[in-house]
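Everything below belongs to final_22.txt, which stores compact mmCIF, C-alpha atoms.
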# COMPACT_ATOMS: atom_id res chain seq x y z
CA MET A 1073 72.21 77.83 97.85
CA PRO A 1074 72.61 77.89 94.06
CA LEU A 1075 74.52 74.99 92.56
CA PRO A 1076 77.52 75.80 90.42
CA ASP A 1077 76.37 75.97 86.84
CA ARG A 1078 78.50 74.95 83.92
CA ASP A 1079 78.47 78.46 82.51
CA ARG A 1080 80.25 80.11 85.40
CA ALA A 1081 83.03 79.37 87.81
CA ALA A 1082 82.60 77.96 91.27
CA CYS A 1083 83.53 79.72 94.48
CA SER A 1084 87.15 78.93 95.33
CA ARG A 1085 86.14 78.39 98.95
CA CYS A 1086 82.95 76.37 98.82
CA GLY A 1087 82.22 75.35 95.23
CA THR A 1088 78.89 77.15 94.89
CA ALA A 1089 78.14 79.59 92.08
CA ALA A 1090 80.55 82.52 92.06
CA VAL A 1091 79.43 86.15 91.74
CA TYR A 1092 82.86 87.72 91.62
CA LEU A 1093 86.27 87.15 90.09
CA GLN A 1094 89.03 88.64 92.26
CA ARG A 1095 91.37 89.50 89.42
CA VAL A 1096 94.40 90.07 91.65
CA THR A 1097 94.36 86.55 93.10
CA GLY A 1098 92.41 84.74 90.38
CA ARG A 1099 89.98 83.47 93.03
CA HIS A 1100 86.25 83.26 92.51
CA LEU A 1101 83.91 84.07 95.38
CA CYS A 1102 80.24 83.40 96.02
CA ALA A 1103 78.05 86.10 97.56
CA GLY A 1104 78.42 84.74 101.08
CA HIS A 1105 82.20 84.45 101.02
CA LEU A 1106 82.68 87.81 99.31
CA ALA A 1107 80.64 89.47 102.05
CA GLU A 1108 82.54 87.57 104.72
CA GLU A 1109 85.91 88.62 103.31
CA VAL A 1110 84.91 92.28 102.99
CA GLU A 1111 83.83 92.31 106.65
CA ALA A 1112 87.01 90.55 107.75
CA ARG A 1113 89.21 92.92 105.80
CA ALA A 1114 87.56 96.02 107.29
CA ARG A 1115 88.07 94.65 110.80
CA LYS A 1116 91.70 93.76 110.01
CA THR A 1117 92.36 97.27 108.70
CA LEU A 1118 91.05 98.74 111.95
CA ALA A 1119 93.22 96.36 113.95
CA ASP A 1120 96.32 96.98 111.81
CA ASP A 1121 95.86 100.73 112.21
CA GLY A 1122 95.70 100.33 115.97
CA ILE A 1123 92.15 101.57 116.10
CA SER A 1124 90.30 100.17 119.05
CA LEU A 1125 86.65 101.08 118.92
CA ALA A 1126 85.75 99.89 122.38
CA GLU A 1127 84.54 102.63 124.72
CA ARG A 1128 84.59 105.18 121.96
CA SER A 1129 82.23 107.42 120.16
CA VAL A 1130 82.75 107.28 116.41
CA ALA A 1131 81.33 109.81 113.97
CA VAL A 1132 80.68 108.04 110.69
CA ALA A 1133 80.75 110.30 107.65
CA LEU A 1134 77.60 109.29 105.81
CA SER A 1135 76.88 110.81 102.41
CA GLY A 1136 74.18 108.26 101.54
CA GLY A 1137 76.29 106.84 98.73
CA LYS A 1138 77.42 103.24 98.49
CA ASP A 1139 80.75 103.46 100.33
CA SER A 1140 79.57 105.31 103.41
CA THR A 1141 76.42 103.19 103.58
CA VAL A 1142 78.49 100.01 103.52
CA LEU A 1143 80.82 101.53 106.12
CA LEU A 1144 77.94 102.36 108.44
CA SER A 1145 76.52 98.88 108.07
CA LEU A 1146 79.89 97.26 108.82
CA LEU A 1147 80.50 99.43 111.88
CA HIS A 1148 76.96 98.74 113.06
CA GLY A 1149 77.84 95.04 112.98
CA ILE A 1150 81.01 95.67 114.98
CA ALA A 1151 79.11 97.88 117.45
CA ARG A 1152 76.75 95.03 118.28
CA GLU A 1153 79.68 93.02 119.62
CA THR A 1154 81.99 95.77 120.92
CA ARG A 1155 81.71 97.15 124.40
CA ASP A 1156 80.47 100.71 124.58
CA LEU A 1157 80.99 101.66 120.96
CA ASP A 1158 78.68 104.54 120.13
CA LEU A 1159 78.06 105.47 116.54
CA VAL A 1160 76.68 108.73 115.25
CA ALA A 1161 76.23 109.17 111.51
CA VAL A 1162 77.08 112.63 110.21
CA THR A 1163 75.72 113.86 106.90
CA VAL A 1164 76.84 117.10 105.32
CA ASP A 1165 74.57 118.67 102.74
CA GLU A 1166 76.97 120.59 100.53
CA GLY A 1167 74.07 122.14 98.60
CA ILE A 1168 74.43 120.57 95.16
CA ALA A 1169 71.12 120.82 93.35
CA GLY A 1170 69.81 117.72 91.60
CA TYR A 1171 72.18 115.38 93.48
CA ARG A 1172 72.20 115.80 97.22
CA GLU A 1173 68.45 115.51 97.74
CA GLU A 1174 68.38 111.83 96.78
CA THR A 1175 71.48 110.85 98.74
CA LEU A 1176 70.22 112.70 101.84
CA ARG A 1177 67.04 110.62 101.71
CA ALA A 1178 69.15 107.46 101.41
CA ALA A 1179 71.24 108.54 104.43
CA ALA A 1180 68.12 109.12 106.53
CA ALA A 1181 66.70 105.77 105.45
CA ILE A 1182 69.77 103.71 106.36
CA THR A 1183 70.21 105.35 109.78
CA ALA A 1184 66.54 104.74 110.55
CA ARG A 1185 66.84 101.14 109.39
CA LEU A 1186 69.91 100.50 111.56
CA GLY A 1187 68.70 102.57 114.51
CA ILE A 1188 71.77 104.84 114.50
CA ALA A 1189 71.78 108.47 115.65
CA HIS A 1190 71.99 110.85 112.70
CA ARG A 1191 73.29 114.42 112.70
CA THR A 1192 72.98 116.54 109.61
CA THR A 1193 74.42 119.91 108.76
CA SER A 1194 74.92 121.93 105.63
CA PHE A 1195 77.40 124.27 104.00
CA GLU A 1196 74.71 126.94 104.19
CA GLU A 1197 74.37 126.46 107.92
CA LEU A 1198 78.10 126.43 108.63
CA PHE A 1199 79.55 128.67 105.94
CA GLY A 1200 76.65 130.83 104.83
CA GLU A 1201 76.02 129.49 101.30
CA PRO A 1202 75.51 126.20 99.42
CA LEU A 1203 78.35 124.84 97.27
CA ASP A 1204 76.58 125.73 94.02
CA ARG A 1205 76.73 129.37 95.05
CA LEU A 1206 80.23 129.19 96.55
CA VAL A 1207 81.73 127.95 93.28
CA GLU A 1208 79.70 130.12 90.92
CA GLY A 1209 82.00 131.15 88.10
CA GLU A 1210 84.74 128.78 89.31
CA GLU A 1211 83.15 125.38 88.80
CA SER A 1212 86.53 123.83 87.99
CA ARG A 1213 87.44 124.23 91.66
CA ALA A 1214 84.22 122.68 92.94
CA CYS A 1215 85.60 119.28 93.86
CA SER A 1216 88.64 120.64 95.66
CA LEU A 1217 86.70 123.28 97.55
CA CYS A 1218 83.94 120.84 98.44
CA GLY A 1219 86.41 118.36 99.92
CA ILE A 1220 88.12 120.99 102.07
CA LEU A 1221 84.88 122.37 103.47
CA ARG A 1222 83.26 118.97 103.95
CA ARG A 1223 86.19 117.82 106.08
CA LYS A 1224 85.84 121.00 108.10
CA ALA A 1225 82.10 120.38 108.55
CA LEU A 1226 82.70 116.79 109.69
CA MET A 1227 85.26 118.01 112.22
CA VAL A 1228 82.85 120.59 113.65
CA ILE A 1229 80.05 118.05 114.15
CA ALA A 1230 82.41 115.35 115.43
CA ARG A 1231 83.66 117.71 118.11
CA GLU A 1232 80.10 118.69 119.06
CA GLU A 1233 79.28 115.01 119.45
CA GLY A 1234 82.41 114.36 121.47
CA ALA A 1235 83.56 111.77 118.94
CA ALA A 1236 87.02 110.29 119.40
CA CYS A 1237 87.27 109.26 115.76
CA ILE A 1238 85.80 110.12 112.36
CA ALA A 1239 85.30 107.10 110.10
CA THR A 1240 85.12 107.71 106.37
CA GLY A 1241 84.25 105.34 103.54
CA HIS A 1242 87.34 105.81 101.39
CA ASN A 1243 88.04 102.60 99.49
CA LEU A 1244 91.19 101.27 97.80
CA ASP A 1245 90.36 103.01 94.52
CA ASP A 1246 89.96 106.36 96.32
CA GLU A 1247 93.32 105.92 98.06
CA ALA A 1248 95.14 105.03 94.86
CA GLN A 1249 93.60 107.97 93.03
CA SER A 1250 94.78 110.29 95.82
CA VAL A 1251 98.33 108.93 95.53
CA LEU A 1252 98.34 109.51 91.77
CA MET A 1253 96.86 112.98 92.16
CA ASN A 1254 99.56 113.91 94.69
CA TRP A 1255 102.21 112.77 92.20
CA LEU A 1256 100.56 114.71 89.38
CA ARG A 1257 100.48 117.83 91.55
CA GLY A 1258 104.00 117.30 92.83
CA ASP A 1259 102.66 117.50 96.40
CA ARG A 1260 105.69 116.25 98.28
CA ASP A 1261 104.25 116.76 101.76
CA ARG A 1262 101.15 114.67 101.07
CA LEU A 1263 103.20 111.96 99.40
CA LEU A 1264 105.42 111.64 102.44
CA ARG A 1265 102.71 111.88 105.05
CA ASP A 1266 100.90 108.90 106.55
CA PRO A 1267 97.28 109.95 105.84
CA LEU A 1268 95.94 108.38 109.03
CA HIS A 1269 98.10 110.14 111.56
CA HIS A 1270 97.93 113.80 112.32
CA ALA A 1271 99.45 115.91 115.00
CA GLY A 1272 97.51 118.56 116.77
CA ARG A 1273 95.78 118.41 120.07
CA GLU A 1274 92.46 119.60 118.65
CA PHE A 1275 92.39 117.06 115.86
CA VAL A 1276 89.90 114.20 115.92
CA ALA A 1277 91.48 110.91 114.78
CA ARG A 1278 90.43 109.48 111.46
CA CYS A 1279 89.99 105.92 110.35
CA LYS A 1280 89.26 104.42 106.94
CA PRO A 1281 88.16 100.81 107.46
CA LEU A 1282 87.44 100.27 103.75
CA ARG A 1283 90.76 101.66 102.48
CA GLU A 1284 92.15 98.29 101.44
CA ILE A 1285 88.98 97.07 99.74
CA PRO A 1286 88.47 97.63 95.98
CA GLU A 1287 85.50 99.81 95.11
CA LYS A 1288 83.90 97.01 93.11
CA GLU A 1289 83.95 94.71 96.16
CA VAL A 1290 82.40 97.45 98.29
CA ALA A 1291 79.65 97.88 95.70
CA LEU A 1292 79.04 94.13 95.46
CA TYR A 1293 78.89 93.86 99.24
CA GLY A 1294 76.26 96.59 99.27
CA MET A 1295 74.18 94.74 96.67
CA ILE A 1296 74.54 91.41 98.44
CA ARG A 1297 73.46 92.92 101.78
CA GLY A 1298 70.58 94.81 100.19
CA LEU A 1299 72.16 98.20 100.92
CA PHE A 1300 72.99 99.28 97.43
CA SER A 1301 70.74 101.39 95.28
CA PRO A 1302 72.02 103.16 92.19
CA MET A 1303 72.66 106.74 93.23
CA PRO A 1304 73.17 109.78 91.02
CA GLU A 1305 76.75 110.90 90.56
CA CYS A 1306 77.94 114.32 91.58
CA PRO A 1307 77.50 116.76 88.68
CA TYR A 1308 80.89 118.31 89.52
CA ARG A 1309 82.82 115.05 89.08
CA HIS A 1310 83.87 115.93 85.55
CA THR A 1311 85.60 119.10 86.75
CA ALA A 1312 87.97 117.22 88.98
CA LEU A 1313 91.45 115.84 88.46
CA ARG A 1314 90.21 112.80 90.37
CA GLY A 1315 88.05 111.80 87.40
CA GLU A 1316 91.14 111.77 85.17
CA ALA A 1317 93.10 109.81 87.77
CA ARG A 1318 90.28 107.30 88.11
CA ALA A 1319 90.10 106.70 84.35
CA MET A 1320 93.88 106.23 84.11
CA LEU A 1321 94.05 103.83 87.03
CA ASN A 1322 91.04 101.76 85.95
CA ALA A 1323 92.59 101.27 82.53
CA VAL A 1324 95.88 100.12 84.06
CA GLU A 1325 94.17 97.96 86.71
CA GLN A 1326 92.28 96.12 83.99
CA ARG A 1327 95.49 95.14 82.24
CA TYR A 1328 97.66 94.79 85.35
CA PRO A 1329 95.49 93.63 88.27
CA GLY A 1330 96.86 94.67 91.63
CA THR A 1331 98.15 98.05 90.47
CA LEU A 1332 95.93 99.97 92.89
CA GLU A 1333 97.10 97.90 95.83
CA ARG A 1334 100.76 98.23 94.94
CA MET A 1335 100.41 101.96 94.40
CA VAL A 1336 98.93 102.56 97.83
CA GLU A 1337 101.36 100.27 99.60
CA GLY A 1338 104.24 101.94 97.76
CA GLN A 1339 103.21 105.35 99.05
CA ARG A 1340 102.96 104.04 102.61
CA ARG A 1341 106.42 102.55 102.44
CA LEU A 1342 107.75 105.81 101.10
CA ALA A 1343 106.12 107.73 103.95
CA ARG A 1344 107.64 105.34 106.50
CA VAL A 1345 111.21 105.66 105.28
CA ALA A 1346 111.23 109.31 104.29
CA ARG A 1347 111.79 112.02 106.82
CA GLU A 1348 108.37 112.94 108.19
CA PRO A 1349 107.43 116.46 107.16
CA ALA A 1350 107.11 118.93 109.99
CA PRO A 1351 103.84 118.47 111.86
CA PRO A 1352 101.23 121.11 111.04
CA GLY A 1353 100.95 124.23 113.16
CA GLN A 1354 97.70 125.84 114.19
CA CYS A 1355 95.42 128.06 112.13
CA GLU A 1356 95.34 131.62 113.44
CA ARG A 1357 91.63 131.88 112.65
CA CYS A 1358 90.06 128.65 113.88
CA GLY A 1359 92.80 126.73 115.70
CA ASP A 1360 92.65 123.66 113.45
CA PRO A 1361 95.91 122.13 112.17
CA ALA A 1362 97.39 124.18 109.33
CA SER A 1363 100.57 123.92 107.27
CA GLY A 1364 100.71 127.73 107.11
CA ARG A 1365 99.32 130.51 109.28
CA ILE A 1366 95.79 129.89 107.98
CA CYS A 1367 94.21 126.47 107.35
CA GLN A 1368 92.86 125.46 103.94
CA ALA A 1369 89.21 125.83 104.99
CA CYS A 1370 89.67 129.38 106.32
CA ARG A 1371 91.63 130.35 103.17
CA VAL A 1372 88.82 129.00 101.00
CA LEU A 1373 86.18 130.87 103.00
CA GLU A 1374 88.18 134.11 102.88
CA GLY A 1375 88.43 133.76 99.12
CA VAL A 1376 84.70 133.11 98.83
CA ALA A 1377 83.91 136.15 101.01
CA PHE A 1378 86.16 138.29 98.79
CA ARG A 1379 84.47 137.13 95.60
CA THR A 1380 81.00 137.54 97.13
CA ALA A 1381 81.79 141.10 98.12
CA ARG A 1382 82.80 141.87 94.55
CA ARG A 1383 79.66 140.41 92.96
CA PRO A 1384 77.51 143.01 91.23
CA MET B 81 71.71 88.27 73.77
CA LYS B 82 70.43 91.64 74.95
CA VAL B 83 72.79 93.88 76.88
CA GLN B 84 71.50 96.81 78.93
CA LEU B 85 74.21 99.42 79.22
CA PRO B 86 74.67 101.58 82.33
CA ASP B 87 72.83 104.46 80.64
CA GLY B 88 69.80 102.23 80.04
CA THR B 89 70.19 101.69 76.32
CA ILE B 90 69.80 98.15 75.03
CA ARG B 91 72.23 96.58 72.59
CA THR B 92 71.81 93.25 70.87
CA VAL B 93 74.92 91.07 70.67
CA ASP B 94 74.78 88.10 68.38
CA ALA B 95 76.94 85.46 70.01
CA ALA B 96 76.71 82.03 71.52
CA GLY B 97 78.70 81.02 74.56
CA ILE B 98 81.31 83.73 74.98
CA PRO B 99 82.74 85.12 78.24
CA VAL B 100 80.98 88.24 79.51
CA GLU B 101 84.37 89.96 79.44
CA GLU B 102 84.43 89.62 75.65
CA VAL B 103 80.98 91.18 75.46
CA LEU B 104 82.28 94.07 77.58
CA ALA B 105 85.29 94.46 75.29
CA MET B 106 83.00 94.64 72.24
CA LEU B 107 81.12 97.47 73.97
CA ASP B 108 84.31 99.18 75.17
CA VAL B 109 83.38 98.71 78.82
CA ASN B 110 86.02 98.08 81.48
CA PRO B 111 85.03 95.15 83.76
CA VAL B 112 86.70 96.97 86.67
CA GLU B 113 84.02 99.67 86.41
CA VAL B 114 80.82 97.65 86.20
CA ILE B 115 78.87 94.96 87.99
CA VAL B 116 77.25 92.40 85.70
CA THR B 117 74.03 90.47 86.07
CA ARG B 118 72.98 87.69 83.75
CA ASN B 119 69.25 87.04 83.77
CA GLY B 120 69.00 88.87 87.09
CA THR B 121 71.86 87.03 88.80
CA LEU B 122 75.23 88.50 89.70
CA VAL B 123 77.99 86.87 87.65
CA PRO B 124 81.74 87.36 87.38
CA GLU B 125 83.07 88.64 84.07
CA ASP B 126 84.41 85.24 83.03
CA ALA B 127 80.93 83.71 83.10
CA MET B 128 79.66 82.59 79.71
CA ALA B 129 76.80 84.37 77.97
CA GLY B 130 74.89 84.05 74.73
CA GLY B 131 71.61 82.98 73.17
CA ASP B 132 68.63 84.58 74.91
CA ASP B 133 70.57 85.85 77.89
CA GLU B 134 69.74 89.28 79.28
CA ILE B 135 72.87 90.99 80.49
CA ARG B 136 72.70 94.12 82.61
CA LEU B 137 75.68 96.35 83.29
CA VAL B 138 75.54 98.46 86.44
CA ARG B 139 78.18 101.17 86.54
CA ILE B 140 79.77 101.49 89.96
CA SER B 141 78.80 105.00 90.98
CA HIS B 142 81.49 107.10 92.59
CA GLY B 143 81.16 109.39 95.49
CA GLY B 144 80.95 107.71 98.87

Now that the file is in, can you turn its structure into structure tokens?
Amino acid sequence: MPLPDRDRAACSRCGTAAVYLQRVTGRHLCAGHLAEEVEARARKTLADDGISLAERSVAVALSGGKDSTVLLSLLHGIARETRDLDLVAVTVDEGIAGYREETLRAAAAITARLGIAHRTTSFEELFGEPLDRLVEGEESRACSLCGILRRKALMVIAREEGAACIATGHNLDDEAQSVLMNWLRGDRDRLLRDPLHHAGREFVARCKPLREIPEKEVALYGMIRGLFSPMPECPYRHTALRGEARAMLNAVEQRYPGTLERMVEGQRRLARVAREPAPPGQCERCGDPASGRICQACRVLEGVAFRTARRP
Amino acid sequence: MKVQLPDGTIRTVDAAGIPVEEVLAMLDVNPVEVIVTRNGTLVPEDAMAGGDDEIRLVRISHGG
């Protein structure tokens, strides 16, 4: 174990050389204790959310990026000590040229390394065309459309696998960005809704074990555990409001550590005290939960079909 | 010290014994957004750097 050197702080827990400064608390952590705390926090989030993984099949959304890879690794560790927890990794190839190929290889590699079943599907398989083609001429909508259809794809595969729960790798930064985006859009329903609970008898439960962990800690955990390889970033990221929200929040978090955490907790408190919006109804087309007659995914696909029919 | 930015370019910073966070500020890099290694070892942003140190900044890639 490396000795503390005079040029960097010592771990607040054991006195060895620190690799991380937790700005919110002012604590320094060595590699071992950072990893331990990330694992403990993920387990606590599952427990706090009332998610028991025993005797369940969990579909783990695995893009091959750092968050979902860390998530899969953490759940793999829990599965080794939890009775009858079955994991199946689900990877959706949206069809984004120059990006997805590398992350798909990473997804296949980590599932092989951990010995976890791996299902893959694609937008082309499920919806007829890759994302690049679906958003042709409307690239500014790529991120939004991709998210809607990817969630639909995960649901389809999770149901096929008989999964009781879909686990996604959303981290604290993702959650805070979503809160800010909902404010910027004036989306009252999303602001007042607890994102983990959904009505609807056909809906597969969701869990986000990393949702209280800062993205930087997730990334460091991945490096410490030898999971993390630099991955390309989605070429559509610059078209999305999320990129703006991320930049704003990172700037504020640097000056006022803890902002992300307070933002997310504030939204949860708001959702708990406000009158819960009416539970979603059912989509007339596919039967999934929908706030209107037609769910978001079916509306998107109808719009795509309309534009495709009009292409010269 | 030599600093490798996330895009691979190398900058030379002439300083002796300053916190990594000050180096990041000189380069307009937010410590929230990067992981730092000093001579191949992970370090927090308040670690000191200077002299012949080789600093590498790894941008935390987004997209799960």

So which residues touch Thr89 in chain B within 12 Å, counting all atoms listed in the file, skipping near sequence neighbours fewer than 5 positions away, as a list in words?
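Near Thr89 in chain B, the qualifying residues are Lys82, Val83, Gln84, Leu107, Ile135, Arg136, Leu137 and Val138 of chain B.
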
Selected residues, C-alpha atoms, written as a short mmCIF file (atom, residue, chain, number, x, y, z; two decimals), in the frame of the given file, please.
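And here is the file that came out, result10.cif:
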data_model
loop_
_atom_site.label_atom_id
_atom_site.label_comp_id
_atom_site.auth_asym_id
_atom_site.auth_seq_id
_atom_site.Cartn_x
_atom_site.Cartn_y
_atom_site.Cartn_z
CA LYS B 82 70.43 91.64 74.95
CA VAL B 83 72.79 93.88 76.88
CA GLN B 84 71.50 96.81 78.93
CA LEU B 107 81.12 97.47 73.97
CA ILE B 135 72.87 90.99 80.49
CA ARG B 136 72.70 94.12 82.61
CA LEU B 137 75.68 96.35 83.29
CA VAL B 138 75.54 98.46 86.44
#

Of the candidates A:Met1320, A:Cys1306, A:Leu1144, A:Ala1169, which one gets nearest to Leu1186 in chain A if we count only C-alpha atoms?
A:Leu1144

Between CA of Gly1241 in chain A and CA of Ser1212 in chain A, what is the distance, to one decimal in Å?
24.3 Å

Grab the CA of Cys1237 in chain A to CA of Asp1259 in chain A distance for me, in Å with one decimal place.
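Calculated distance between CA of Cys1237 in chain A and CA of Asp1259 in chain A is 26.1 Å.
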
Residues within 9 Å of Gly130 in chain B, all atoms listed in the file, excluding chain neighbours under 5 positions, as a PyMOL selection string
chain B and resi 81-82+93-100

Chain A residues near chain B within 9 Å, closest pair each, using only C-alpha atoms, as CSV:
residue,atom,partner,partner_atom,distance
A:Arg1078,CA,B:Met128,CA,8.8
A:Asp1079,CA,B:Met128,CA,5.1
A:Arg1080,CA,B:Ala127,CA,4.3
A:Ala1081,CA,B:Ala127,CA,6.7
A:Ala1089,CA,B:Val123,CA,8.5
A:Ala1090,CA,B:Val123,CA,6.7
A:Val1091,CA,B:Val123,CA,4.4
A:Tyr1092,CA,B:Pro124,CA,4.4
A:Leu1093,CA,B:Pro124,CA,5.3
A:Gln1094,CA,B:Pro124,CA,8.9
A:His1100,CA,B:Pro124,CA,8.0
A:Leu1101,CA,B:Pro124,CA,8.9
A:Ala1103,CA,B:Leu122,CA,8.7
A:Leu1134,CA,B:Gly144,CA,7.9
A:Ser1135,CA,B:Gly144,CA,6.2
A:Gly1136,CA,B:Gly144,CA,7.3
A:Gly1137,CA,B:Gly144,CA,4.7
A:Lys1138,CA,B:Gly144,CA,5.7
A:Asp1139,CA,B:Gly144,CA,4.5
A:Ser1140,CA,B:Gly144,CA,5.3
A:Thr1141,CA,B:Gly144,CA,7.9
A:Thr1240,CA,B:Gly144,CA,8.6
A:Gly1241,CA,B:Gly144,CA,6.2
A:His1242,CA,B:Gly144,CA,7.1
A:Asn1243,CA,B:Gly144,CA,8.8
A:Glu1287,CA,B:Ile140,CA,7.9
A:Lys1288,CA,B:Ile140,CA,6.9
A:Ala1291,CA,B:Ile140,CA,6.8
A:Leu1292,CA,B:Ile115,CA,7.5
A:Pro1302,CA,B:Ser141,CA,7.1
A:Met1303,CA,B:Ser141,CA,6.8
A:Pro1304,CA,B:Ser141,CA,7.4
A:Glu1305,CA,B:Ser141,CA,6.3
A:Cys1306,CA,B:Gly143,CA,7.1
A:Arg1309,CA,B:Gly143,CA,8.7
A:Asn1322,CA,B:Val112,CA,6.5
A:Ala1323,CA,B:Asn110,CA,7.4
A:Glu1325,CA,B:Val112,CA,7.5
A:Gln1326,CA,B:Val112,CA,6.2

Give me the residues near Leu1159 in chain A as a compact mmCIF listing (two decimals) with C-alpha atoms, in the frame of the given file, where near means some atom within 9 Å (using only C-alpha atoms) and where sequence neighbours in that chain fewer than 4 positions away do not count.
# COMPACT_ATOMS: atom_id res chain seq x y z
CA ARG A 1128 84.59 105.18 121.96
CA SER A 1129 82.23 107.42 120.16
CA VAL A 1130 82.75 107.28 116.41
CA ALA A 1131 81.33 109.81 113.97
CA VAL A 1132 80.68 108.04 110.69
CA LEU A 1144 77.94 102.36 108.44
CA LEU A 1147 80.50 99.43 111.88
CA HIS A 1148 76.96 98.74 113.06
CA ALA A 1151 79.11 97.88 117.45
CA ILE A 1188 71.77 104.84 114.50
CA ALA A 1189 71.78 108.47 115.65
CA HIS A 1190 71.99 110.85 112.70
CA ALA A 1235 83.56 111.77 118.94

Proximity to Arg1297 in chain A - best of A:Val1142, A:Leu1176, A:Val1345, A:Val1096, all atoms listed in the file:
A:Val1142

Got a sec: who's within 8 Å of Arg1222 in chain A, counting only C-alpha atoms, leaving out chain neighbours fewer than 3 positions off, as a list in words?
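Result of the neighbour search: Val1164, Glu1166, Phe1195, Cys1218, Gly1219, Ala1225 and Leu1226 of chain A.
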
As an exercise, work out the distance from CA of Arg1172 in chain A to CA of Glu1196 in chain A in Å and give it to one decimal place.
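Atom-to-atom, CA of Arg1172 in chain A and CA of Glu1196 in chain A are spaced 13.4 Å apart.
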
List the spatial neighbours of Ala1248 in chain A as JSON, numbers by chain - criterion: any atom at most 9 Å away, only C-alpha atoms, same-chain residues fewer than 6 positions off excluded.
{"A": [1317, 1318, 1321, 1331, 1332, 1333, 1334, 1335, 1336]}

Could you work out an axis-aligned box for range 87-99 of chain B, taking every atom the file lists and adding 6 Å on each side, and report centre and edge lengths in Å to one decimal, as JSON?
{"center_x": 76.3, "center_y": 92.7, "center_z": 74.5, "size_x": 24.9, "size_y": 35.4, "size_z": 24.3}
